[in-house]
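What follows is the content of final32.txt (compact mmCIF, N, CA and C atoms).
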# COMPACT_ATOMS: atom_id res chain seq x y z
N MET A 4 129.44 106.54 102.14
CA MET A 4 130.07 105.31 101.73
C MET A 4 129.61 104.19 102.67
N ILE A 5 129.24 103.08 102.10
CA ILE A 5 128.82 101.91 102.87
C ILE A 5 129.96 100.91 102.81
N LEU A 6 130.39 100.44 103.98
CA LEU A 6 131.55 99.57 104.08
C LEU A 6 131.20 98.27 104.78
N ILE A 7 131.65 97.17 104.19
CA ILE A 7 131.40 95.84 104.73
C ILE A 7 132.73 95.12 104.89
N ALA A 8 132.95 94.52 106.06
CA ALA A 8 134.12 93.68 106.28
C ALA A 8 133.73 92.24 105.96
N LEU A 9 134.66 91.52 105.34
CA LEU A 9 134.46 90.12 104.99
C LEU A 9 135.58 89.31 105.61
N GLY A 10 135.25 88.14 106.11
CA GLY A 10 136.27 87.27 106.66
C GLY A 10 135.80 85.84 106.74
N GLY A 11 136.74 84.95 106.88
CA GLY A 11 136.43 83.54 107.06
C GLY A 11 137.72 82.76 107.24
N ASN A 12 137.61 81.64 107.95
CA ASN A 12 138.80 80.80 108.12
C ASN A 12 138.51 79.31 108.00
N LEU A 13 137.29 78.96 107.62
CA LEU A 13 136.95 77.56 107.37
C LEU A 13 136.44 77.41 105.95
N PRO A 14 136.69 76.27 105.31
CA PRO A 14 136.15 76.06 103.98
C PRO A 14 134.62 76.00 104.02
N SER A 15 134.01 76.38 102.91
CA SER A 15 132.55 76.31 102.75
C SER A 15 132.27 75.49 101.50
N GLY A 16 131.01 75.40 101.14
CA GLY A 16 130.64 74.74 99.90
C GLY A 16 131.22 75.43 98.68
N ALA A 17 131.64 76.69 98.84
CA ALA A 17 132.24 77.46 97.75
C ALA A 17 133.74 77.21 97.63
N GLY A 18 134.34 76.54 98.63
CA GLY A 18 135.78 76.27 98.59
C GLY A 18 136.49 76.83 99.80
N GLN A 19 137.75 77.17 99.60
CA GLN A 19 138.57 77.73 100.67
C GLN A 19 138.09 79.15 101.00
N PRO A 20 138.53 79.71 102.14
CA PRO A 20 138.02 81.02 102.56
C PRO A 20 138.07 82.12 101.49
N ALA A 21 139.15 82.24 100.76
CA ALA A 21 139.20 83.29 99.72
C ALA A 21 138.13 83.07 98.66
N ASP A 22 137.91 81.81 98.29
CA ASP A 22 136.85 81.49 97.32
C ASP A 22 135.48 81.86 97.88
N THR A 23 135.29 81.58 99.16
CA THR A 23 134.02 81.90 99.81
C THR A 23 133.77 83.41 99.78
N LEU A 24 134.80 84.20 100.09
CA LEU A 24 134.63 85.66 100.07
C LEU A 24 134.25 86.14 98.67
N LYS A 25 134.92 85.61 97.66
CA LYS A 25 134.61 86.02 96.28
C LYS A 25 133.17 85.65 95.90
N ARG A 26 132.77 84.44 96.26
CA ARG A 26 131.41 83.99 95.95
C ARG A 26 130.37 84.78 96.73
N ALA A 27 130.69 85.13 97.98
CA ALA A 27 129.76 85.92 98.79
C ALA A 27 129.56 87.30 98.17
N LEU A 28 130.63 87.90 97.66
CA LEU A 28 130.50 89.19 96.97
C LEU A 28 129.59 89.04 95.75
N GLY A 29 129.75 87.96 95.02
CA GLY A 29 128.88 87.71 93.88
C GLY A 29 127.43 87.54 94.29
N GLU A 30 127.20 86.88 95.41
CA GLU A 30 125.83 86.70 95.90
C GLU A 30 125.22 88.03 96.33
N LEU A 31 126.02 88.89 96.97
CA LEU A 31 125.52 90.21 97.34
C LEU A 31 125.10 90.99 96.08
N GLU A 32 125.92 90.91 95.05
CA GLU A 32 125.57 91.59 93.79
C GLU A 32 124.29 91.01 93.20
N ARG A 33 124.16 89.69 93.25
CA ARG A 33 122.97 89.04 92.73
C ARG A 33 121.72 89.52 93.46
N GLN A 34 121.89 89.88 94.72
CA GLN A 34 120.76 90.35 95.52
C GLN A 34 120.63 91.88 95.54
N GLY A 35 121.30 92.54 94.59
CA GLY A 35 121.08 93.96 94.40
C GLY A 35 122.04 94.91 95.10
N VAL A 36 123.09 94.39 95.70
CA VAL A 36 124.09 95.25 96.34
C VAL A 36 125.22 95.47 95.33
N GLU A 37 125.43 96.71 94.97
CA GLU A 37 126.49 97.03 94.00
C GLU A 37 127.84 97.05 94.72
N ILE A 38 128.76 96.20 94.25
CA ILE A 38 130.11 96.16 94.81
C ILE A 38 130.94 97.20 94.06
N ARG A 39 131.32 98.26 94.74
CA ARG A 39 132.05 99.34 94.09
C ARG A 39 133.56 99.12 94.11
N GLU A 40 134.06 98.60 95.20
CA GLU A 40 135.50 98.37 95.31
C GLU A 40 135.74 97.32 96.39
N VAL A 41 136.77 96.50 96.18
CA VAL A 41 137.13 95.47 97.15
C VAL A 41 138.62 95.58 97.41
N SER A 42 138.99 95.51 98.67
CA SER A 42 140.40 95.54 99.05
C SER A 42 141.10 94.27 98.60
N ALA A 43 142.40 94.27 98.78
CA ALA A 43 143.15 93.02 98.66
C ALA A 43 142.64 92.07 99.74
N PHE A 44 142.91 90.78 99.57
CA PHE A 44 142.60 89.80 100.60
C PHE A 44 143.85 89.66 101.48
N TYR A 45 143.65 89.71 102.78
CA TYR A 45 144.74 89.64 103.74
C TYR A 45 144.58 88.40 104.60
N GLU A 46 145.66 87.68 104.82
CA GLU A 46 145.64 86.54 105.74
C GLU A 46 146.09 87.03 107.10
N THR A 47 145.30 86.70 108.13
CA THR A 47 145.60 87.15 109.48
C THR A 47 145.45 85.99 110.45
N PRO A 48 146.23 85.98 111.51
CA PRO A 48 146.12 84.89 112.48
C PRO A 48 144.74 84.88 113.15
N ALA A 49 144.27 83.69 113.46
CA ALA A 49 143.00 83.55 114.17
C ALA A 49 143.15 84.12 115.58
N TRP A 50 142.04 84.68 116.06
CA TRP A 50 142.02 85.20 117.42
C TRP A 50 140.70 84.81 118.04
N PRO A 51 140.60 84.35 119.21
CA PRO A 51 141.61 84.38 120.27
C PRO A 51 142.53 83.15 120.27
N ASP A 52 142.25 82.15 119.42
CA ASP A 52 143.05 80.94 119.41
C ASP A 52 143.89 80.87 118.13
N PRO A 53 145.17 81.26 118.22
CA PRO A 53 146.01 81.24 117.02
C PRO A 53 146.25 79.83 116.47
N ALA A 54 145.81 78.80 117.20
CA ALA A 54 145.92 77.43 116.67
C ALA A 54 144.84 77.14 115.63
N ASP A 55 143.78 77.96 115.62
CA ASP A 55 142.75 77.82 114.58
C ASP A 55 143.34 78.24 113.24
N PRO A 56 142.71 77.83 112.13
CA PRO A 56 143.21 78.25 110.82
C PRO A 56 143.21 79.78 110.70
N ALA A 57 144.16 80.30 109.93
CA ALA A 57 144.25 81.75 109.70
C ALA A 57 143.01 82.23 108.95
N PHE A 58 142.67 83.48 109.18
CA PHE A 58 141.54 84.11 108.50
C PHE A 58 141.99 84.75 107.20
N VAL A 59 141.08 84.86 106.27
CA VAL A 59 141.24 85.71 105.10
C VAL A 59 140.25 86.86 105.31
N ASN A 60 140.75 88.10 105.24
CA ASN A 60 139.93 89.28 105.51
C ASN A 60 140.00 90.26 104.36
N ALA A 61 138.92 91.01 104.17
CA ALA A 61 138.85 92.05 103.15
C ALA A 61 137.79 93.06 103.57
N VAL A 62 137.74 94.17 102.87
CA VAL A 62 136.70 95.18 103.05
C VAL A 62 136.18 95.55 101.66
N ALA A 63 134.86 95.71 101.57
CA ALA A 63 134.23 96.14 100.32
C ALA A 63 133.46 97.43 100.55
N ALA A 64 133.57 98.33 99.58
CA ALA A 64 132.72 99.52 99.54
C ALA A 64 131.57 99.17 98.61
N VAL A 65 130.34 99.41 99.09
CA VAL A 65 129.16 98.99 98.33
C VAL A 65 128.16 100.13 98.22
N LYS A 66 127.19 99.93 97.34
CA LYS A 66 126.06 100.85 97.20
C LYS A 66 124.80 100.00 97.21
N THR A 67 123.78 100.46 97.94
CA THR A 67 122.52 99.74 98.01
C THR A 67 121.41 100.70 98.39
N SER A 68 120.19 100.34 98.01
CA SER A 68 119.03 101.12 98.44
C SER A 68 118.47 100.58 99.75
N LEU A 69 119.02 99.45 100.22
CA LEU A 69 118.57 98.89 101.49
C LEU A 69 118.95 99.82 102.64
N GLN A 70 118.10 99.90 103.62
CA GLN A 70 118.41 100.63 104.84
C GLN A 70 119.38 99.79 105.69
N PRO A 71 120.07 100.39 106.66
CA PRO A 71 121.10 99.65 107.40
C PRO A 71 120.64 98.32 108.00
N VAL A 72 119.51 98.27 108.68
CA VAL A 72 119.06 97.02 109.29
C VAL A 72 118.71 96.00 108.21
N GLU A 73 118.12 96.45 107.11
CA GLU A 73 117.81 95.54 106.00
C GLU A 73 119.08 94.95 105.41
N LEU A 74 120.11 95.79 105.26
CA LEU A 74 121.39 95.31 104.74
C LEU A 74 122.01 94.31 105.70
N LEU A 75 121.96 94.60 106.99
CA LEU A 75 122.49 93.67 107.98
C LEU A 75 121.79 92.33 107.89
N MET A 76 120.48 92.33 107.74
CA MET A 76 119.73 91.07 107.62
C MET A 76 120.15 90.31 106.36
N LEU A 77 120.36 91.04 105.28
CA LEU A 77 120.84 90.39 104.05
C LEU A 77 122.22 89.77 104.29
N LEU A 78 123.10 90.49 104.95
CA LEU A 78 124.44 89.96 105.23
C LEU A 78 124.35 88.68 106.06
N HIS A 79 123.50 88.68 107.07
CA HIS A 79 123.33 87.48 107.89
C HIS A 79 122.78 86.31 107.07
N GLY A 80 121.87 86.60 106.15
CA GLY A 80 121.34 85.56 105.28
C GLY A 80 122.40 84.96 104.38
N VAL A 81 123.27 85.80 103.83
CA VAL A 81 124.35 85.31 102.98
C VAL A 81 125.32 84.48 103.81
N GLU A 82 125.62 84.91 105.03
CA GLU A 82 126.48 84.10 105.91
C GLU A 82 125.89 82.70 106.08
N THR A 83 124.61 82.64 106.36
CA THR A 83 123.94 81.35 106.55
C THR A 83 124.00 80.51 105.28
N ASP A 84 123.78 81.15 104.13
CA ASP A 84 123.84 80.43 102.85
C ASP A 84 125.20 79.80 102.61
N PHE A 85 126.24 80.39 103.18
CA PHE A 85 127.60 79.86 103.00
C PHE A 85 128.05 79.03 104.19
N GLY A 86 127.10 78.56 104.99
CA GLY A 86 127.41 77.60 106.04
C GLY A 86 127.81 78.19 107.37
N ARG A 87 127.60 79.48 107.59
CA ARG A 87 127.96 80.08 108.87
C ARG A 87 127.08 79.53 109.97
N LEU A 88 127.72 79.02 111.01
CA LEU A 88 127.02 78.56 112.20
C LEU A 88 127.41 79.50 113.33
N ARG A 89 126.42 80.10 113.96
CA ARG A 89 126.70 81.01 115.08
C ARG A 89 126.79 80.19 116.35
N SER A 90 128.00 80.12 116.90
CA SER A 90 128.23 79.38 118.14
C SER A 90 128.91 80.33 119.12
N ALA A 91 130.04 79.97 119.60
CA ALA A 91 130.77 80.81 120.55
C ALA A 91 131.31 82.06 119.86
N ALA A 92 131.40 83.13 120.62
CA ALA A 92 131.98 84.37 120.07
C ALA A 92 133.40 84.10 119.59
N ASN A 93 133.75 84.69 118.46
CA ASN A 93 135.09 84.59 117.87
C ASN A 93 135.48 83.17 117.45
N ALA A 94 134.49 82.29 117.28
CA ALA A 94 134.76 80.92 116.84
C ALA A 94 135.15 80.93 115.36
N ALA A 95 135.82 79.87 114.95
CA ALA A 95 136.13 79.69 113.53
C ALA A 95 134.82 79.70 112.75
N ARG A 96 134.87 80.21 111.50
CA ARG A 96 133.63 80.31 110.72
C ARG A 96 133.93 80.30 109.23
N THR A 97 132.92 79.92 108.46
CA THR A 97 133.05 79.90 107.01
C THR A 97 132.99 81.31 106.43
N LEU A 98 132.15 82.17 107.03
CA LEU A 98 131.96 83.51 106.48
C LEU A 98 131.48 84.45 107.57
N ASP A 99 132.07 85.61 107.60
CA ASP A 99 131.66 86.67 108.51
C ASP A 99 131.52 87.94 107.68
N LEU A 100 130.34 88.54 107.69
CA LEU A 100 130.09 89.79 106.98
C LEU A 100 129.63 90.81 108.01
N ASP A 101 130.42 91.85 108.21
CA ASP A 101 130.10 92.88 109.19
C ASP A 101 129.84 94.20 108.49
N LEU A 102 128.76 94.85 108.85
CA LEU A 102 128.48 96.20 108.38
C LEU A 102 129.30 97.15 109.23
N LEU A 103 130.29 97.79 108.63
CA LEU A 103 131.21 98.67 109.36
C LEU A 103 130.69 100.09 109.47
N ASP A 104 130.24 100.63 108.36
CA ASP A 104 129.82 102.03 108.30
C ASP A 104 128.77 102.16 107.20
N TYR A 105 127.79 103.00 107.45
CA TYR A 105 126.74 103.25 106.46
C TYR A 105 126.61 104.76 106.34
N ASP A 106 127.35 105.32 105.40
CA ASP A 106 127.31 106.76 105.11
C ASP A 106 127.54 107.62 106.35
N GLY A 107 128.38 107.15 107.27
CA GLY A 107 128.70 107.93 108.45
C GLY A 107 127.61 108.00 109.50
N ARG A 108 126.56 107.20 109.32
CA ARG A 108 125.47 107.22 110.30
C ARG A 108 125.94 106.67 111.65
N VAL A 109 125.40 107.23 112.71
CA VAL A 109 125.64 106.72 114.05
C VAL A 109 124.31 106.14 114.53
N ILE A 110 124.31 104.82 114.76
CA ILE A 110 123.09 104.10 115.13
C ILE A 110 123.40 103.23 116.33
N THR A 111 122.54 103.28 117.32
CA THR A 111 122.64 102.37 118.46
C THR A 111 121.25 101.79 118.68
N GLU A 112 121.07 100.60 118.15
CA GLU A 112 119.81 99.88 118.27
C GLU A 112 120.12 98.47 118.75
N PRO A 113 119.14 97.76 119.26
CA PRO A 113 119.42 96.39 119.72
C PRO A 113 120.04 95.49 118.64
N GLN A 114 119.58 95.63 117.40
CA GLN A 114 120.08 94.75 116.35
C GLN A 114 121.26 95.31 115.56
N LEU A 115 121.60 96.58 115.76
CA LEU A 115 122.66 97.18 114.95
C LEU A 115 123.30 98.37 115.66
N THR A 116 124.62 98.38 115.67
CA THR A 116 125.38 99.53 116.15
C THR A 116 126.31 99.96 115.02
N LEU A 117 126.22 101.24 114.66
CA LEU A 117 127.10 101.81 113.64
C LEU A 117 127.72 103.09 114.17
N PRO A 118 128.99 103.33 113.84
CA PRO A 118 129.88 102.40 113.14
C PRO A 118 130.10 101.14 113.97
N HIS A 119 130.61 100.11 113.32
CA HIS A 119 130.84 98.85 114.02
C HIS A 119 131.64 99.14 115.28
N PRO A 120 131.18 98.67 116.44
CA PRO A 120 131.78 99.09 117.71
C PRO A 120 133.23 98.68 117.93
N ARG A 121 133.71 97.65 117.28
CA ARG A 121 135.09 97.21 117.52
C ARG A 121 136.03 97.40 116.32
N MET A 122 135.53 98.04 115.28
CA MET A 122 136.35 98.14 114.07
C MET A 122 137.63 98.93 114.29
N ALA A 123 137.61 99.94 115.14
CA ALA A 123 138.76 100.83 115.31
C ALA A 123 139.93 100.16 116.02
N VAL A 124 139.71 98.97 116.59
CA VAL A 124 140.79 98.27 117.28
C VAL A 124 141.16 96.97 116.57
N ARG A 125 140.67 96.78 115.37
CA ARG A 125 140.92 95.54 114.63
C ARG A 125 141.75 95.83 113.39
N SER A 126 143.03 95.51 113.47
CA SER A 126 143.89 95.77 112.32
C SER A 126 143.45 94.95 111.11
N PHE A 127 142.82 93.79 111.34
CA PHE A 127 142.36 92.98 110.20
C PHE A 127 141.20 93.64 109.47
N VAL A 128 140.63 94.69 110.05
CA VAL A 128 139.62 95.51 109.37
C VAL A 128 140.27 96.79 108.85
N LEU A 129 141.09 97.43 109.66
CA LEU A 129 141.65 98.73 109.31
C LEU A 129 142.61 98.67 108.12
N VAL A 130 143.41 97.61 108.04
CA VAL A 130 144.36 97.51 106.93
C VAL A 130 143.64 97.39 105.59
N PRO A 131 142.68 96.45 105.42
CA PRO A 131 141.98 96.42 104.13
C PRO A 131 141.09 97.65 103.91
N LEU A 132 140.61 98.26 104.98
CA LEU A 132 139.82 99.49 104.84
C LEU A 132 140.63 100.58 104.16
N ARG A 133 141.92 100.64 104.45
CA ARG A 133 142.80 101.63 103.80
C ARG A 133 142.81 101.46 102.27
N ASP A 134 142.66 100.22 101.82
CA ASP A 134 142.68 99.96 100.37
C ASP A 134 141.50 100.62 99.66
N VAL A 135 140.33 100.60 100.30
CA VAL A 135 139.13 101.08 99.62
C VAL A 135 138.70 102.48 100.05
N ALA A 136 139.16 102.93 101.22
CA ALA A 136 138.72 104.24 101.72
C ALA A 136 139.84 104.89 102.53
N PRO A 137 140.95 105.23 101.89
CA PRO A 137 142.09 105.75 102.64
C PRO A 137 141.79 107.03 103.41
N GLY A 138 140.81 107.80 102.99
CA GLY A 138 140.46 109.04 103.68
C GLY A 138 139.35 108.89 104.70
N TRP A 139 138.91 107.64 104.95
CA TRP A 139 137.80 107.40 105.87
C TRP A 139 138.13 107.92 107.26
N ARG A 140 137.13 108.49 107.90
CA ARG A 140 137.25 108.97 109.28
C ARG A 140 136.11 108.36 110.09
N HIS A 141 136.44 107.98 111.32
CA HIS A 141 135.45 107.39 112.22
C HIS A 141 134.37 108.42 112.50
N PRO A 142 133.09 108.08 112.27
CA PRO A 142 132.01 109.05 112.41
C PRO A 142 131.82 109.61 113.83
N VAL A 143 132.30 108.90 114.83
CA VAL A 143 132.14 109.37 116.21
C VAL A 143 133.39 110.09 116.69
N THR A 144 134.56 109.46 116.52
CA THR A 144 135.80 110.03 117.06
C THR A 144 136.48 110.99 116.10
N GLY A 145 136.17 110.87 114.82
CA GLY A 145 136.84 111.69 113.82
C GLY A 145 138.23 111.18 113.46
N GLN A 146 138.67 110.11 114.10
CA GLN A 146 140.00 109.57 113.85
C GLN A 146 140.09 108.97 112.45
N GLY A 147 141.18 109.30 111.77
CA GLY A 147 141.41 108.76 110.44
C GLY A 147 142.22 107.48 110.50
N LEU A 148 142.42 106.87 109.36
CA LEU A 148 143.13 105.60 109.30
C LEU A 148 144.63 105.75 109.49
N ALA A 149 145.18 106.92 109.22
CA ALA A 149 146.63 107.11 109.37
C ALA A 149 147.06 106.91 110.81
N ALA A 150 146.16 107.16 111.75
CA ALA A 150 146.49 107.02 113.17
C ALA A 150 146.28 105.61 113.69
N SER A 151 145.72 104.73 112.87
CA SER A 151 145.41 103.38 113.34
C SER A 151 146.61 102.45 113.16
N ASN A 152 146.54 101.32 113.84
CA ASN A 152 147.61 100.33 113.77
C ASN A 152 147.60 99.61 112.44
N SER A 153 148.73 99.08 112.07
CA SER A 153 148.80 98.24 110.87
C SER A 153 148.78 96.78 111.30
N ALA A 154 148.56 95.90 110.31
CA ALA A 154 148.47 94.46 110.65
C ALA A 154 149.82 93.88 110.94
Using structure tokens, write down the structure from this file.
Amino acid sequence: MILIALGGNLPSGAGQPADTLKRALGELERQGVEIREVSAFYETPAWPDPADPAFVNAVAAVKTSLQPVELLMLLHGVETDFGRLRSAANAARTLDLDLLDYDGRVITEPQLTLPHPRMAVRSFVLVPLRDVAPGWRHPVTGQGLAASNSA
């Protein structure tokens, strides 16, 4: 199973964050990524600055013939297309697309680490992940979602 986290807390040319996430999913499909399932959209407080606008977060299960690094490059391109500017870490953004897991592969390369190194401590990822993959287990630790925190 290939899993992608989606998030955003600033408007884009597509509209408000939820609209941006929906349009980004459509763009991924247009570029050959099959969207198999999408979680509910969850609103979560911005971090590290809760004074920033709240985020809208979701997780999608997808299918693609792209290899992990190719998929990551596509995700970065879609982020840019929707106005993502890479500035300070954890800054407000129009769109964030993270490759969480790619068929349970464990990869440590300069451009990609799988599973996503911080996903297991992010309730804004784990809660929507339950919607699309309730039986998912972390490929390294074996920990399931039942043991993770809720939002």
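Reported to one decimal place, the separation of atom C of Val41 in chain A from atom C of Ala95 in chain A is 22.4 Å.
Near Arg87 in chain A, within 8 Å and counting all atoms listed in the file, sit Ser15, Val81, Ala95, Arg96, Thr97, Leu98 and Asp99 of chain A, not including residues fewer than 6 positions from it in the same chain.
With distances restricted to all atoms listed in the file, A:Ala8 is the closest residue to Leu103 in chain A from A:Val135, A:Ala54, A:Ala43, A:Ala8.
For the atom pair formed by atom N of Gln19 in chain A and atom N of Leu69 in chain A, the distance is 29.1 Å, given to one decimal.
Counting from CA of Leu100 in chain A, the distance to CA of Ala149 in chain A is 24.1 Å.
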(request) Pick out each residue of range 27-119 of chain A that DSSP on the backbone tags as alpha helix (DSSP H); I need them as a list in words. (result) Ala27, Leu28, Gly29, Glu30, Leu31, Glu32, Arg33, Pro71, Val72, Glu73, Leu74, Leu75, Met76, Leu77, Leu78, His79, Gly80, Val81, Glu82, Thr83 and Asp84 of chain A
Need the shell around Gln114 in chain A: protein/DNA/RNA residues with any atom at most 12 Å away, counting only C-alpha atoms. Skip same-chain ones fewer than 6 positions apart. Format as a tab-separated table (two decimals) with N, CA and C atoms, in the frame of the given file?
chain	number	residue	atom	x	y	z
A	71	PRO	N	120.07	100.39	106.66
A	71	PRO	CA	121.10	99.65	107.40
A	71	PRO	C	120.64	98.32	108.00
A	72	VAL	N	119.51	98.27	108.68
A	72	VAL	CA	119.06	97.02	109.29
A	72	VAL	C	118.71	96.00	108.21
A	73	GLU	N	118.12	96.45	107.11
A	73	GLU	CA	117.81	95.54	106.00
A	73	GLU	C	119.08	94.95	105.41
A	74	LEU	N	120.11	95.79	105.26
A	74	LEU	CA	121.39	95.31	104.74
A	74	LEU	C	122.01	94.31	105.70
A	75	LEU	N	121.96	94.60	106.99
A	75	LEU	CA	122.49	93.67	107.98
A	75	LEU	C	121.79	92.33	107.89
A	76	MET	N	120.48	92.33	107.74
A	76	MET	CA	119.73	91.07	107.62
A	76	MET	C	120.15	90.31	106.36
A	79	HIS	N	123.50	88.68	107.07
A	79	HIS	CA	123.33	87.48	107.89
A	79	HIS	C	122.78	86.31	107.07
A	102	LEU	N	128.76	94.85	108.85
A	102	LEU	CA	128.48	96.20	108.38
A	102	LEU	C	129.30	97.15	109.23
(request) Just list the residues in chain A DSSP gives strand (DSSP E) on the backbone, as a PyMOL selection string. (result) chain A and resi 5-11+37-41+45-47+58-66+99-105+110-112+115-117
(message) So that I can check the surroundings of Pro142 in chain A, please list as a PyMOL selection string every protein, DNA and RNA residue that reaches within 10 Å of it, counting only C-alpha atoms and ignoring chain neighbours fewer than 3 positions away.
(response) chain A and resi 104-109+117-118+139+145-147
Expected file: the selected residues, N, CA and C atoms, as a compact mmCIF listing (two decimals), in the coordinates of the input:
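Ended up saving to again-v4.txt:
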# COMPACT_ATOMS: atom_id res chain seq x y z
N ASP A 104 130.24 100.63 108.36
CA ASP A 104 129.82 102.03 108.30
C ASP A 104 128.77 102.16 107.20
N TYR A 105 127.79 103.00 107.45
CA TYR A 105 126.74 103.25 106.46
C TYR A 105 126.61 104.76 106.34
N ASP A 106 127.35 105.32 105.40
CA ASP A 106 127.31 106.76 105.11
C ASP A 106 127.54 107.62 106.35
N GLY A 107 128.38 107.15 107.27
CA GLY A 107 128.70 107.93 108.45
C GLY A 107 127.61 108.00 109.50
N ARG A 108 126.56 107.20 109.32
CA ARG A 108 125.47 107.22 110.30
C ARG A 108 125.94 106.67 111.65
N VAL A 109 125.40 107.23 112.71
CA VAL A 109 125.64 106.72 114.05
C VAL A 109 124.31 106.14 114.53
N LEU A 117 126.22 101.24 114.66
CA LEU A 117 127.10 101.81 113.64
C LEU A 117 127.72 103.09 114.17
N PRO A 118 128.99 103.33 113.84
CA PRO A 118 129.88 102.40 113.14
C PRO A 118 130.10 101.14 113.97
N TRP A 139 138.91 107.64 104.95
CA TRP A 139 137.80 107.40 105.87
C TRP A 139 138.13 107.92 107.26
N GLY A 145 136.17 110.87 114.82
CA GLY A 145 136.84 111.69 113.82
C GLY A 145 138.23 111.18 113.46
N GLN A 146 138.67 110.11 114.10
CA GLN A 146 140.00 109.57 113.85
C GLN A 146 140.09 108.97 112.45
N GLY A 147 141.18 109.30 111.77
CA GLY A 147 141.41 108.76 110.44
C GLY A 147 142.22 107.48 110.50
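Using only C-alpha atoms for every distance, the candidate list A:Arg133, A:Ile5, A:Phe85, A:Pro56 yields A:Ile5 as the residue closest to His119 in chain A.
Using all atoms listed in the file, the smallest distance between any of A:His141, A:Lys25, A:Lys66, A:Arg33 and Met4 in chain A comes from A:Lys66.
Of the residues listed (A:Pro113, A:Thr67, A:Asp55, A:Asp134), A:Asp134 shows the shortest atom-to-atom separation from Glu40 in chain A; distances use all atoms listed in the file.
Take the candidates A:Leu115, A:Pro53, A:Leu6, A:Gly16 and check each one against Asp84 in chain A using all atoms listed in the file; the shortest distance goes to A:Gly16.
Minimum atom-to-atom distances from A:Ala94, A:Ala136, A:Ala123, A:Leu31 to Gly80 in chain A were compared using only C-alpha atoms, and the lowest value belongs to A:Leu31.
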